[in-house]
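Below: one structure, written as structure tokens.
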Amino acid sequence: MRHYKMLNDGYLVAIGTGAGGVEITEEEYNALLSEIREKAALANQMYKGEITIDAVPAEWQEEIQQRVNERLTEIDDDPDLTAEEAIDIILGGAK
Amino acid sequence: MALTDKLKAIADAVRAKTGGTELLTLDQMAAAIGGISGGGGLPSAVATVTYGDYIPTVDTNSMPDIEHGLGAVPDIVVAWCGELDCSGYSTTTLIGSAIIRGITTRLSSSANSENANICLIKESGAGSVRVVSPSSQSYVGTLTESVFPLQKNSAAVYIRGGVSYHWIAVKLREGV
């Protein structure tokens, strides 16, 4: 199985298996997967108020805090509604 | 049973699996048997299938293109997330996505899609899981010989960091 990572401006944006990205070893993939999931779990716990920033390893605190802040500002409505889409909604069409 | 009858029976069994109708030499039988997938998989004479995982590092409402490696425009693409606890999200999360090529569908009063585009979402808050279509061309993305979009139905739908989005892409053979 082929493993890869995807970078954007030097930042890791995704990993995966299959085609695409920059091929990496299974060992590197597993290490990245472990870190990605650990950070996601910490962000989830902090967002839900189960832990505070003090429970996050010092070297990850800034990143995890930023993720939580971003989740707090996630949009919950479609801001890109076009006039055409609005008419569809008014007329009982798509959406 | 004579040897020729036994060979014919083997060739018939191979043809039944591959969907072929042509006469087979012994060498061709060996190659054909080697190409048959086990466990009920699709025989290569019917379709080419690729699959993989895509795991974003952080939450995002962008719509990533994923390379499928088929070398041809897929006829069917299905993506779905693996283990996921939505209780930590107050906004809408993409759970699955499917594209069936060649079924023209209406997205809005003036825009069609060349494909049937389907999204499975977990709505925000205590909202339900729903099957929806992209609300405009902006969210359909482009299905090409190299990539498929992890499509969604609006800007307010997020894919989640650390979640494995499994995918499978299928290119059917001509006439299937």
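Numbering starts fresh at 1 for the residues of each chain in the structure tokens, the chains themselves are lettered A, B, ... in the order given, and ligands are numbered from 1 as they appear.
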
Taking the chain letters and numbering used in this document, name the residues of chain A that DSSP puts in strand (DSSP E or B), as a list of chain:residue names. A:His3, A:Tyr4, A:Lys5, A:Met6, A:Leu7, A:Asn8, A:Tyr11, A:Leu12, A:Val13, A:Ala14, A:Ile15, A:Gly16, A:Thr17, A:Val22, A:Glu23, A:Ile24

Okay, now the selection with N, CA, C and O atoms, as a compact mmCIF listing (two decimals), in the first residue's frame?
# COMPACT_ATOMS: atom_id res chain seq x y z
N HIS A 3 1.70 5.10 0.80
CA HIS A 3 1.36 6.12 1.80
C HIS A 3 1.87 7.48 1.32
O HIS A 3 2.92 7.55 0.70
N TYR A 4 1.14 8.53 1.62
CA TYR A 4 1.59 9.86 1.17
C TYR A 4 1.27 10.94 2.19
O TYR A 4 0.46 10.74 3.11
N LYS A 5 1.93 12.07 2.01
CA LYS A 5 1.57 13.27 2.77
C LYS A 5 1.38 14.41 1.77
O LYS A 5 1.97 14.41 0.69
N MET A 6 0.52 15.36 2.13
CA MET A 6 0.27 16.52 1.27
C MET A 6 0.68 17.77 2.02
O MET A 6 0.27 17.98 3.17
N LEU A 7 1.49 18.58 1.37
CA LEU A 7 1.98 19.81 1.97
C LEU A 7 1.45 21.01 1.20
O LEU A 7 1.26 20.93 -0.02
N ASN A 8 1.24 22.11 1.90
CA ASN A 8 0.85 23.37 1.27
C ASN A 8 1.66 24.48 1.93
O ASN A 8 1.50 24.71 3.14
N TYR A 11 3.34 23.43 5.03
CA TYR A 11 2.52 22.92 6.12
C TYR A 11 1.85 21.60 5.72
O TYR A 11 1.35 21.48 4.59
N LEU A 12 1.81 20.67 6.63
CA LEU A 12 1.15 19.40 6.37
C LEU A 12 -0.37 19.62 6.40
O LEU A 12 -0.91 20.07 7.40
N VAL A 13 -1.04 19.32 5.30
CA VAL A 13 -2.50 19.52 5.25
C VAL A 13 -3.25 18.20 5.31
O VAL A 13 -4.41 18.16 5.71
N ALA A 14 -2.60 17.10 4.90
CA ALA A 14 -3.29 15.81 4.94
C ALA A 14 -2.28 14.69 4.74
O ALA A 14 -1.17 14.91 4.25
N ILE A 15 -2.68 13.51 5.16
CA ILE A 15 -1.94 12.30 4.81
C ILE A 15 -2.96 11.33 4.23
O ILE A 15 -4.17 11.56 4.32
N GLY A 16 -2.47 10.27 3.63
CA GLY A 16 -3.42 9.32 3.07
C GLY A 16 -2.75 8.10 2.50
O GLY A 16 -1.53 7.96 2.56
N THR A 17 -3.59 7.22 1.98
CA THR A 17 -3.10 6.05 1.25
C THR A 17 -3.71 6.09 -0.14
O THR A 17 -4.79 6.65 -0.34
N VAL A 22 3.06 13.31 -1.67
CA VAL A 22 4.47 12.92 -1.66
C VAL A 22 4.57 11.59 -0.95
O VAL A 22 4.15 11.46 0.21
N GLU A 23 5.11 10.60 -1.62
CA GLU A 23 5.16 9.26 -1.02
C GLU A 23 6.05 9.25 0.22
O GLU A 23 7.12 9.85 0.24
N ILE A 24 5.58 8.60 1.25
CA ILE A 24 6.34 8.45 2.50
C ILE A 24 6.31 6.98 2.91
O ILE A 24 5.53 6.19 2.38

Set out as CSV a contact list for chain B and chain A with a cut-off of 7 Å, giving each residue of chain B that qualifies its closest atom pair and distance in Å to one decimal, counting only C-alpha atoms, ordered by chain and rising residue number.
residue,atom,partner,partner_atom,distance
B:Tyr51,CA,A:Gly18,CA,6.4
B:Gly52,CA,A:Gly18,CA,4.7
B:Asp53,CA,A:Gly16,CA,4.9
B:Tyr54,CA,A:Gly16,CA,4.5
B:Ile55,CA,A:Ile15,CA,5.3
B:Pro56,CA,A:Ala14,CA,4.1
B:Thr57,CA,A:Ala14,CA,5.2
B:Glu67,CA,A:Gly20,CA,5.2
B:His68,CA,A:Ala19,CA,5.9
B:Gly69,CA,A:Ala19,CA,5.2
B:Gly88,CA,A:Asn44,CA,5.9
B:Thr91,CA,A:Asp76,CA,5.6
B:Leu107,CA,A:Ala94,CA,6.8
B:Ser108,CA,A:Ala94,CA,6.2
B:Ser109,CA,A:Asp88,CA,6.9
B:Ser135,CA,A:Lys95,CA,5.3
B:Ser154,CA,A:Asp78,CA,6.1
B:Ala155,CA,A:Asp78,CA,5.5
B:Ala156,CA,A:Asp76,CA,5.4
B:Gly161,CA,A:Ala40,CA,6.1
B:Gly162,CA,A:Arg37,CA,4.8

Excluding Val131 (chain B) and its own-chain neighbours fewer than 6 positions away, which residues fall within 12 Å of it when counting only C-alpha atoms? Please give them as a JSON list (two decimals) with N, CA, C and O atoms, in the first residue's frame.
[["chain", "number", "residue", "atom", "x", "y", "z"],
["A", 95, "LYS", "N", -32.02, 23.55, -2.36],
["A", 95, "LYS", "CA", -31.39, 24.03, -1.12],
["A", 95, "LYS", "C", -31.71, 23.07, 0.00],
["A", 95, "LYS", "O", -32.87, 22.81, 0.27],
["B", 94, "LEU", "N", -19.26, 16.88, 7.26],
["B", 94, "LEU", "CA", -19.42, 15.97, 6.13],
["B", 94, "LEU", "C", -19.11, 14.55, 6.57],
["B", 94, "LEU", "O", -18.03, 14.27, 7.08],
["B", 95, "ILE", "N", -20.08, 13.66, 6.37],
["B", 95, "ILE", "CA", -19.90, 12.25, 6.74],
["B", 95, "ILE", "C", -19.60, 11.39, 5.51],
["B", 95, "ILE", "O", -18.85, 10.43, 5.58],
["B", 96, "GLY", "N", -20.21, 11.75, 4.40],
["B", 96, "GLY", "CA", -19.98, 10.94, 3.21],
["B", 96, "GLY", "C", -20.29, 11.72, 1.94],
["B", 96, "GLY", "O", -20.90, 12.79, 1.98],
["B", 97, "SER", "N", -19.83, 11.17, 0.84],
["B", 97, "SER", "CA", -19.98, 11.85, -0.44],
["B", 97, "SER", "C", -19.97, 10.80, -1.55],
["B", 97, "SER", "O", -19.21, 9.84, -1.47],
["B", 98, "ALA", "N", -20.83, 10.95, -2.52],
["B", 98, "ALA", "CA", -20.85, 9.99, -3.63],
["B", 98, "ALA", "C", -21.10, 10.72, -4.94],
["B", 98, "ALA", "O", -21.82, 11.73, -4.97],
["B", 117, "ASN", "N", -24.70, 13.99, -7.76],
["B", 117, "ASN", "CA", -23.82, 14.34, -6.64],
["B", 117, "ASN", "C", -24.60, 14.22, -5.34],
["B", 117, "ASN", "O", -25.65, 14.83, -5.19],
["B", 118, "ILE", "N", -24.07, 13.45, -4.44],
["B", 118, "ILE", "CA", -24.79, 13.16, -3.20],
["B", 118, "ILE", "C", -23.86, 13.42, -2.02],
["B", 118, "ILE", "O", -22.70, 13.01, -2.03],
["B", 119, "CYS", "N", -24.37, 14.09, -1.00],
["B", 119, "CYS", "CA", -23.58, 14.31, 0.22],
["B", 119, "CYS", "C", -24.36, 13.77, 1.41],
["B", 119, "CYS", "O", -25.59, 13.86, 1.46],
["B", 120, "LEU", "N", -23.65, 13.23, 2.36],
["B", 120, "LEU", "CA", -24.25, 12.79, 3.62],
["B", 120, "LEU", "C", -23.65, 13.67, 4.71],
["B", 120, "LEU", "O", -22.43, 13.71, 4.88],
["B", 121, "ILE", "N", -24.52, 14.40, 5.40],
["B", 121, "ILE", "CA", -24.02, 15.36, 6.39],
["B", 121, "ILE", "C", -24.66, 15.11, 7.75],
["B", 121, "ILE", "O", -25.78, 14.61, 7.84],
["B", 122, "LYS", "N", -23.92, 15.48, 8.79],
["B", 122, "LYS", "CA", -24.49, 15.57, 10.13],
["B", 122, "LYS", "C", -24.70, 17.05, 10.39],
["B", 122, "LYS", "O", -23.75, 17.82, 10.45],
["B", 123, "GLU", "N", -25.96, 17.44, 10.50],
["B", 123, "GLU", "CA", -26.28, 18.85, 10.67],
["B", 123, "GLU", "C", -25.76, 19.41, 11.98],
["B", 123, "GLU", "O", -25.45, 18.66, 12.91],
["B", 152, "LYS", "N", -19.28, 18.77, -1.05],
["B", 152, "LYS", "CA", -20.23, 19.04, 0.03],
["B", 152, "LYS", "C", -21.34, 19.88, -0.53],
["B", 152, "LYS", "O", -21.34, 20.20, -1.72],
["B", 153, "ASN", "N", -22.30, 20.24, 0.29],
["B", 153, "ASN", "CA", -23.46, 20.91, -0.27],
["B", 153, "ASN", "C", -23.50, 22.40, -0.03],
["B", 153, "ASN", "O", -24.28, 23.10, -0.62]]

Which of chain A counts as alpha helix (DSSP H) under DSSP, as number ranges by chain please? A: 26-47, 61-72, 83-90

Restricting it to N, CA and C atoms, dump the selection as a short mmCIF file (atom, residue, chain, number, x, y, z; two decimals), in the first residue's frame.
data_model
loop_
_atom_site.label_atom_id
_atom_site.label_comp_id
_atom_site.auth_asym_id
_atom_site.auth_seq_id
_atom_site.Cartn_x
_atom_site.Cartn_y
_atom_site.Cartn_z
N GLU A 26 5.68 3.76 5.50
CA GLU A 26 4.59 3.41 6.41
C GLU A 26 4.92 3.89 7.83
N GLU A 27 6.19 3.85 8.18
CA GLU A 27 6.60 4.29 9.53
C GLU A 27 6.31 5.78 9.70
N GLU A 28 6.68 6.58 8.68
CA GLU A 28 6.42 8.02 8.78
C GLU A 28 4.92 8.29 8.80
N TYR A 29 4.18 7.54 7.98
CA TYR A 29 2.72 7.69 7.93
C TYR A 29 2.11 7.42 9.31
N ASN A 30 2.53 6.33 9.92
CA ASN A 30 1.97 5.98 11.23
C ASN A 30 2.31 7.03 12.29
N ALA A 31 3.53 7.57 12.21
CA ALA A 31 3.93 8.60 13.17
C ALA A 31 3.09 9.86 12.98
N LEU A 32 2.90 10.26 11.72
CA LEU A 32 2.09 11.45 11.44
C LEU A 32 0.63 11.23 11.84
N LEU A 33 0.11 10.02 11.54
CA LEU A 33 -1.28 9.71 11.89
C LEU A 33 -1.49 9.79 13.39
N SER A 34 -0.54 9.27 14.13
CA SER A 34 -0.64 9.30 15.59
C SER A 34 -0.68 10.74 16.10
N GLU A 35 0.20 11.58 15.56
CA GLU A 35 0.25 12.98 16.01
C GLU A 35 -1.02 13.74 15.60
N ILE A 36 -1.47 13.51 14.37
CA ILE A 36 -2.69 14.19 13.88
C ILE A 36 -3.89 13.82 14.76
N ARG A 37 -4.02 12.54 15.08
CA ARG A 37 -5.17 12.11 15.89
C ARG A 37 -5.06 12.59 17.32
N GLU A 38 -3.85 12.64 17.84
CA GLU A 38 -3.67 13.11 19.22
C GLU A 38 -4.04 14.59 19.31
N LYS A 39 -3.62 15.36 18.33
CA LYS A 39 -3.94 16.79 18.34
C LYS A 39 -5.45 17.01 18.15
N ALA A 40 -6.06 16.24 17.26
CA ALA A 40 -7.51 16.36 17.04
C ALA A 40 -8.27 16.03 18.32
N ALA A 41 -7.82 15.01 19.03
CA ALA A 41 -8.49 14.62 20.28
C ALA A 41 -8.35 15.72 21.33
N LEU A 42 -7.17 16.31 21.42
CA LEU A 42 -6.97 17.40 22.39
C LEU A 42 -7.85 18.60 22.04
N ALA A 43 -7.92 18.93 20.75
CA ALA A 43 -8.77 20.06 20.34
C ALA A 43 -10.23 19.78 20.67
N ASN A 44 -10.67 18.55 20.43
CA ASN A 44 -12.05 18.18 20.76
C ASN A 44 -12.33 18.30 22.24
N GLN A 45 -11.42 17.76 23.04
CA GLN A 45 -11.61 17.79 24.50
C GLN A 45 -11.63 19.22 25.01
N MET A 46 -10.76 20.04 24.47
CA MET A 46 -10.70 21.43 24.93
C MET A 46 -11.94 22.20 24.47
N TYR A 47 -12.39 21.94 23.27
CA TYR A 47 -13.59 22.60 22.75
C TYR A 47 -14.80 22.25 23.61
N GLN A 61 0.50 23.82 22.50
CA GLN A 61 -0.55 24.67 23.07
C GLN A 61 -1.05 25.75 22.10
N GLU A 62 -0.11 26.43 21.44
CA GLU A 62 -0.51 27.51 20.53
C GLU A 62 -1.38 26.95 19.40
N GLU A 63 -0.95 25.82 18.85
CA GLU A 63 -1.68 25.22 17.73
C GLU A 63 -3.07 24.74 18.15
N ILE A 64 -3.14 24.08 19.30
CA ILE A 64 -4.43 23.56 19.75
C ILE A 64 -5.38 24.71 20.08
N GLN A 65 -4.85 25.75 20.73
CA GLN A 65 -5.69 26.91 21.05
C GLN A 65 -6.25 27.54 19.78
N GLN A 66 -5.40 27.62 18.75
CA GLN A 66 -5.84 28.19 17.48
C GLN A 66 -6.95 27.34 16.85
N ARG A 67 -6.82 26.02 16.95
CA ARG A 67 -7.85 25.14 16.38
C ARG A 67 -9.18 25.32 17.09
N VAL A 68 -9.11 25.44 18.41
CA VAL A 68 -10.35 25.63 19.18
C VAL A 68 -10.97 26.98 18.82
N ASN A 69 -10.13 28.01 18.72
CA ASN A 69 -10.64 29.33 18.35
C ASN A 69 -11.31 29.29 16.98
N GLU A 70 -10.68 28.58 16.05
CA GLU A 70 -11.25 28.49 14.70
C GLU A 70 -12.59 27.75 14.73
N ARG A 71 -12.68 26.71 15.56
CA ARG A 71 -13.94 25.97 15.61
C ARG A 71 -15.05 26.83 16.20
N LEU A 72 -14.67 27.69 17.14
CA LEU A 72 -15.66 28.59 17.75
C LEU A 72 -16.20 29.60 16.75
N ALA A 83 -28.03 35.17 -5.60
CA ALA A 83 -29.40 35.61 -5.87
C ALA A 83 -30.21 34.47 -6.48
N GLU A 84 -29.54 33.71 -7.34
CA GLU A 84 -30.20 32.58 -7.98
C GLU A 84 -30.65 31.53 -6.95
N GLU A 85 -29.76 31.25 -6.00
CA GLU A 85 -30.10 30.28 -4.96
C GLU A 85 -31.22 30.81 -4.09
N ALA A 86 -31.18 32.11 -3.81
CA ALA A 86 -32.22 32.71 -2.98
C ALA A 86 -33.58 32.58 -3.66
N ILE A 87 -33.60 32.79 -4.99
CA ILE A 87 -34.86 32.66 -5.73
C ILE A 87 -35.35 31.22 -5.68
N ASP A 88 -34.39 30.29 -5.80
CA ASP A 88 -34.76 28.87 -5.72
C ASP A 88 -35.44 28.56 -4.39
N ILE A 89 -34.88 29.11 -3.32
CA ILE A 89 -35.44 28.85 -2.00
C ILE A 89 -36.84 29.45 -1.89
N ILE A 90 -36.96 30.70 -2.36
CA ILE A 90 -38.25 31.40 -2.28
C ILE A 90 -39.32 30.64 -3.08
#

Point-to-point distance from CA of Ser62 (chain B) to CA of Ser136 (chain B), Å rounded to tenths: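 Between these atoms lies a distance of 14.9 Å.
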
If we count only C-alpha atoms, what is near Val77 (chain B) at a cut-off of 8 Å, once residues fewer than 5 positions away on the same chain are taken out, given as number ranges by chain? B: 98-100, 148, 167-170
